[in-house]
Amino acid sequence: MSYETAVAPDLVELLGRAWVLPGAVEGVCFNREGGAAAFFGAGRMAIVPVADPERAETRMRRAADTGRSTILPRKGAVRPAAEVSGVAGPVVPWGAKSFLTGDGRGGLVTVTPRGQAVPLGVRLEGSVTALARDPASAAVAVGGPAGVVVLPEDAQAPPLRLDVGPGVTALAYDAEGLRLACGSADGVVVWAEGKVALRIGLDAAPACLSWSTDGAFLAVGFAEPGFAMIRLADGHVDVNRDYPTPVASFGWSAVAGAFATSGAFRAIAWTLGPDGTTDPIDAGRSGLVVVERVAASPDRPLLAAGYASGLVCLNRLGGRDEMLLRASGGAVTALAWSADGAHLAFGDEAGQAVLLSFPPELFK
């Protein structure tokens, strides 16, 4: 099977590369080294190198009379992605360069940047329902119908099994890798140092979990509209149901001191204080189309936003400024920044997968 290069409008064709997958893109992530990105969905994975043979910097030209910079079109075709079939579930980085996912039958599979799949000798009681990478080590938490298994950094050490109850729906490590949040039908359990540190009951099972950059708060998205914010210091829960659609993603910006969500007709953002969200702030402009995904830049006060109309843009946190990246397409279903903030990957329900690389001059 081959992936055809998509015809991409706007800045996609100037700053990035695009591929068309045979089904909707369900998620995207970068490997730990930052050298590859994996798009996944519909039982398949497409892996692309971050390095671009025709990166925008090599195609920039500055006019001698005006000093204005322009980016020339590509001369060559975008290289096909490495592809893997027969995989299922979410994907996280594994080791320095590879990725980890499920096989749909209770097994785990590692995939190299070149698309080589190798089964792991770990079995679950059912398919993988959630994965989380420890940002401070090579450990990975794997959720399934029977609970959570933590694959330690030491490949020779036995997996650690956590009793969090059946039906794990979401997992997330804090930024230091010291705490693991586990979502299930009963709510959220936070594990630290091999034991339960906090147990929070919720009215619905979490569909996604996201820690603040300082580890003080945990945001919880549900299958129905709204989200919850848990303050870890005392377990206080603040629930916000005033959304037209489910909140599927969150953005935490340490640079702007802000928190943002998807799920409304604009990116909803607030400043953050010791007790949680405080004053609402602008993050781009409002419209008539729902924001499906958001992701905060790790090094700039910018929020990437993907809409149900296929629109993708960069919004300034604390302002209404926007940079259009793509004008239309399938509804955006996946959005992620690289750790260094130089690359943005997104995918949509029509199967388009895009990797954008931003020249430093773009934000000056």
# chains A, B, ... in the order shown; residues from 1 in each chain; ligands from 1
$ residues_around --residues "Trp211 in chain A" --least-positions-apart "6" --cutoff "10 Å" --atoms "only C-alpha atoms" --output "list in words"
Ala172, Tyr173, Asp174, Ala175, Arg179, Leu180, Ala181, Phe217, Leu218, Ala219, Val220, Met229, Ile230, Phe250, Gly251 and Trp252 of chain A
$ write_last_selection --atoms "all heavy atoms" --output "CSV table (one decimal), in the first residue's frame"
chain,number,residue,atom,x,y,z
A,172,ALA,N,-2.2,9.5,32.0
A,172,ALA,CA,-1.3,10.6,31.8
A,172,ALA,C,-0.3,10.7,32.9
A,172,ALA,O,-0.7,10.7,34.1
A,172,ALA,CB,-2.1,11.9,31.7
A,173,TYR,N,1.0,10.9,32.5
A,173,TYR,CA,2.0,11.2,33.5
A,173,TYR,C,2.2,12.7,33.7
A,173,TYR,O,1.9,13.5,32.7
A,173,TYR,CB,3.4,10.7,33.0
A,173,TYR,CG,3.6,9.2,33.3
A,173,TYR,CD1,3.5,8.3,32.3
A,173,TYR,CD2,4.1,8.8,34.6
A,173,TYR,CE1,3.7,6.9,32.5
A,173,TYR,CE2,4.3,7.4,34.8
A,173,TYR,CZ,4.1,6.5,33.8
A,173,TYR,OH,4.4,5.2,34.0
A,174,ASP,N,2.6,13.1,34.9
A,174,ASP,CA,2.9,14.6,35.0
A,174,ASP,C,4.3,14.8,34.4
A,174,ASP,O,4.9,13.9,34.0
A,174,ASP,CB,2.9,15.0,36.5
A,174,ASP,CG,4.0,14.3,37.4
A,174,ASP,OD1,4.8,13.7,36.8
A,174,ASP,OD2,4.0,14.5,38.6
A,175,ALA,N,4.6,16.1,34.3
A,175,ALA,CA,5.8,16.5,33.6
A,175,ALA,C,7.1,15.9,34.2
A,175,ALA,O,8.1,15.7,33.5
A,175,ALA,CB,6.0,18.0,33.5
A,179,ARG,N,4.1,11.1,39.0
A,179,ARG,CA,2.7,10.7,39.2
A,179,ARG,C,2.0,10.3,37.9
A,179,ARG,O,2.3,10.8,36.9
A,179,ARG,CB,1.9,11.9,39.8
A,179,ARG,CG,2.3,12.3,41.2
A,179,ARG,CD,1.7,13.6,41.7
A,179,ARG,NE,2.1,14.7,40.9
A,179,ARG,CZ,1.7,15.9,41.1
A,179,ARG,NH1,0.8,16.2,42.0
A,179,ARG,NH2,2.2,16.9,40.3
A,180,LEU,N,1.2,9.3,38.1
A,180,LEU,CA,0.4,8.7,36.9
A,180,LEU,C,-1.1,8.8,37.2
A,180,LEU,O,-1.5,8.3,38.2
A,180,LEU,CB,0.8,7.2,36.7
A,180,LEU,CG,0.0,6.5,35.6
A,180,LEU,CD1,0.2,7.1,34.2
A,180,LEU,CD2,0.3,5.0,35.6
A,181,ALA,N,-1.8,9.5,36.4
A,181,ALA,CA,-3.2,9.6,36.5
A,181,ALA,C,-3.9,8.6,35.7
A,181,ALA,O,-3.6,8.4,34.5
A,181,ALA,CB,-3.7,11.0,36.1
A,217,PHE,N,-2.3,20.9,38.6
A,217,PHE,CA,-3.7,20.7,38.2
A,217,PHE,C,-3.8,19.5,37.1
A,217,PHE,O,-2.8,19.3,36.4
A,217,PHE,CB,-4.3,21.9,37.5
A,217,PHE,CG,-4.3,23.1,38.5
A,217,PHE,CD1,-3.3,24.1,38.4
A,217,PHE,CD2,-5.3,23.3,39.4
A,217,PHE,CE1,-3.3,25.1,39.2
A,217,PHE,CE2,-5.3,24.3,40.3
A,217,PHE,CZ,-4.3,25.3,40.2
A,218,LEU,N,-4.9,18.9,37.1
A,218,LEU,CA,-5.2,17.8,36.1
A,218,LEU,C,-6.5,18.1,35.5
A,218,LEU,O,-7.5,18.3,36.1
A,218,LEU,CB,-5.2,16.5,36.8
A,218,LEU,CG,-5.5,15.2,35.9
A,218,LEU,CD1,-4.3,15.0,35.0
A,218,LEU,CD2,-5.8,14.0,36.8
A,219,ALA,N,-6.5,18.3,34.1
A,219,ALA,CA,-7.7,18.5,33.4
A,219,ALA,C,-8.3,17.2,32.9
A,219,ALA,O,-7.5,16.3,32.4
A,219,ALA,CB,-7.4,19.5,32.2
A,220,VAL,N,-9.6,17.1,32.9
A,220,VAL,CA,-10.3,15.9,32.5
A,220,VAL,C,-11.3,16.2,31.5
A,220,VAL,O,-12.2,17.0,31.7
A,220,VAL,CB,-10.9,15.2,33.8
A,220,VAL,CG1,-11.6,13.8,33.4
A,220,VAL,CG2,-10.0,15.0,34.9
A,229,MET,N,-11.6,20.2,36.2
A,229,MET,CA,-10.2,20.6,36.6
A,229,MET,C,-10.0,20.1,38.1
A,229,MET,O,-10.8,20.5,39.0
A,229,MET,CB,-10.0,22.1,36.5
A,229,MET,CG,-8.7,22.6,37.0
A,229,MET,SD,-7.5,22.5,35.7
A,229,MET,CE,-7.8,24.0,34.8
A,230,ILE,N,-9.0,19.3,38.3
A,230,ILE,CA,-8.7,18.8,39.6
A,230,ILE,C,-7.5,19.5,40.2
A,230,ILE,O,-6.5,19.6,39.5
A,230,ILE,CB,-8.5,17.3,39.6
A,230,ILE,CG1,-9.7,16.5,39.1
A,230,ILE,CG2,-8.1,16.8,41.0
A,230,ILE,CD1,-9.4,15.0,38.8
A,250,PHE,N,-6.5,19.8,25.5
A,250,PHE,CA,-6.2,20.9,26.3
A,250,PHE,C,-4.8,21.5,25.9
A,250,PHE,O,-4.0,20.8,25.4
A,250,PHE,CB,-6.2,20.5,27.8
A,250,PHE,CG,-7.4,19.9,28.3
A,250,PHE,CD1,-7.6,18.5,28.4
A,250,PHE,CD2,-8.5,20.7,28.7
A,250,PHE,CE1,-8.7,17.9,28.8
A,250,PHE,CE2,-9.7,20.1,29.2
A,250,PHE,CZ,-9.8,18.7,29.3
A,251,GLY,N,-4.6,22.7,26.3
A,251,GLY,CA,-3.3,23.4,26.0
A,251,GLY,C,-2.9,24.1,27.2
A,251,GLY,O,-3.6,25.0,27.8
A,252,TRP,N,-1.7,23.7,27.8
A,252,TRP,CA,-1.1,24.4,28.9
A,252,TRP,C,0.1,25.2,28.4
A,252,TRP,O,1.1,24.6,27.9
A,252,TRP,CB,-0.6,23.4,30.0
A,252,TRP,CG,-1.7,22.5,30.5
A,252,TRP,CD1,-2.0,21.3,30.0
A,252,TRP,CD2,-2.6,22.7,31.6
A,252,TRP,NE1,-3.1,20.7,30.7
A,252,TRP,CE2,-3.4,21.6,31.7
A,252,TRP,CE3,-2.7,23.7,32.5
A,252,TRP,CZ2,-4.3,21.4,32.7
A,252,TRP,CZ3,-3.7,23.6,33.5
A,252,TRP,CH2,-4.5,22.5,33.6
$ residues_around --residues "range 149-154 of chain A" --least-positions-apart "5" --cutoff "10 Å" --atoms "only C-alpha atoms" --output "PyMOL selection string"
chain A and resi 94-95+122-124+131-134+136-144+159-163
$ closest_residue --among "A:Val20, A:Glu26, A:Glu125, A:Leu15" --to "Thr58 in chain A" --atoms "only C-alpha atoms"
A:Leu15
$ residues_around --residues "Ala256 in chain A" --least-positions-apart "4" --cutoff "8 Å" --atoms "only C-alpha atoms" --output "NGL selection string"
:A and (271 or 300-301 or 317-318)
$ select_by_dssp --residues "range 111-195 of chain A" --states "strand (DSSP E)" --output "PyMOL selection string"
chain A and resi 111+117-123+130-133+140-144+147-151+160-162+170-173+179-184+187-192+195
$ write_last_selection --atoms "C-alpha atoms" --output "PDB file, in the first residue's frame"
ATOM      1  CA  VAL A 111       7.560   0.132  15.520  1.00  0.00           C
ATOM      2  CA  ALA A 117       7.148  -3.877  13.708  1.00  0.00           C
ATOM      3  CA  VAL A 118       8.392  -6.122  16.525  1.00  0.00           C
ATOM      4  CA  PRO A 119       5.992  -7.789  19.027  1.00  0.00           C
ATOM      5  CA  LEU A 120       6.743  -7.322  22.735  1.00  0.00           C
ATOM      6  CA  GLY A 121       6.510 -10.274  25.098  1.00  0.00           C
ATOM      7  CA  VAL A 122       3.804  -8.641  27.233  1.00  0.00           C
ATOM      8  CA  ARG A 123       0.167  -9.740  27.142  1.00  0.00           C
ATOM      9  CA  ALA A 130      -4.822   3.844  26.827  1.00  0.00           C
ATOM     10  CA  LEU A 131      -1.088   4.554  26.751  1.00  0.00           C
ATOM     11  CA  ALA A 132       1.085   7.136  28.503  1.00  0.00           C
ATOM     12  CA  ARG A 133       4.824   7.816  28.244  1.00  0.00           C
ATOM     13  CA  VAL A 140       5.343   3.445  29.518  1.00  0.00           C
ATOM     14  CA  ALA A 141       1.977   2.864  31.222  1.00  0.00           C
ATOM     15  CA  VAL A 142      -0.435   0.603  29.341  1.00  0.00           C
ATOM     16  CA  GLY A 143      -4.155   0.542  30.123  1.00  0.00           C
ATOM     17  CA  GLY A 144      -6.558  -2.274  29.322  1.00  0.00           C
ATOM     18  CA  GLY A 147      -6.112  -2.395  34.756  1.00  0.00           C
ATOM     19  CA  VAL A 148      -2.712  -0.812  34.147  1.00  0.00           C
ATOM     20  CA  VAL A 149       0.683  -2.346  33.410  1.00  0.00           C
ATOM     21  CA  VAL A 150       3.805  -0.157  33.659  1.00  0.00           C
ATOM     22  CA  LEU A 151       6.683  -1.236  31.444  1.00  0.00           C
ATOM     23  CA  LEU A 160       4.484  -3.363  37.376  1.00  0.00           C
ATOM     24  CA  ARG A 161       0.755  -3.999  37.608  1.00  0.00           C
ATOM     25  CA  LEU A 162      -1.437  -1.312  39.181  1.00  0.00           C
ATOM     26  CA  ALA A 170      -7.252   7.370  29.906  1.00  0.00           C
ATOM     27  CA  LEU A 171      -3.705   7.702  31.283  1.00  0.00           C
ATOM     28  CA  ALA A 172      -1.320  10.629  31.764  1.00  0.00           C
ATOM     29  CA  TYR A 173       2.028  11.197  33.518  1.00  0.00           C
ATOM     30  CA  ARG A 179       2.678  10.715  39.217  1.00  0.00           C
ATOM     31  CA  LEU A 180       0.431   8.707  36.920  1.00  0.00           C
ATOM     32  CA  ALA A 181      -3.234   9.646  36.518  1.00  0.00           C
ATOM     33  CA  CYS A 182      -5.514   6.740  35.585  1.00  0.00           C
ATOM     34  CA  GLY A 183      -9.082   7.297  34.397  1.00  0.00           C
ATOM     35  CA  SER A 184     -11.858   4.709  34.560  1.00  0.00           C
ATOM     36  CA  GLY A 187     -13.199   8.538  38.134  1.00  0.00           C
ATOM     37  CA  VAL A 188      -9.468   9.245  38.486  1.00  0.00           C
ATOM     38  CA  VAL A 189      -6.798   7.522  40.556  1.00  0.00           C
ATOM     39  CA  VAL A 190      -3.385   9.193  40.910  1.00  0.00           C
ATOM     40  CA  TRP A 191      -0.461   6.860  41.605  1.00  0.00           C
ATOM     41  CA  ALA A 192       2.837   8.021  43.098  1.00  0.00           C
ATOM     42  CA  LYS A 195       0.748   3.556  45.733  1.00  0.00           C
TER      43      LYS A 195
END
$ closest_residue --among "A:Val289, A:Val109, A:Leu202, A:Ala81" --to "Asp186 in chain A" --atoms "only C-alpha atoms"
A:Leu202
$ closest_residue --among "A:Thr261, A:Ser210, A:Ser297, A:Thr245" --to "Ala342 in chain A" --atoms "only C-alpha atoms"
A:Ser297
$ closest_residue --among "A:Ile200, A:Leu362, A:Ala353, A:Ala63" --to "Val48 in chain A" --atoms "only C-alpha atoms"
A:Ala353
$ residues_around --residues "Val291 in chain A" --least-positions-apart "5" --cutoff "7 Å" --atoms "only C-alpha atoms" --output "list in words"
Ser262, Gly263, Ala264, Phe265, Arg266, Ala267, Ala305, Gly306, Tyr307 and Ala308 of chain A
$ closest_residue --among "A:Glu322, A:Ser309, A:Val332, A:Gly177" --to "Ser249 in chain A" --atoms "only C-alpha atoms"
A:Val332
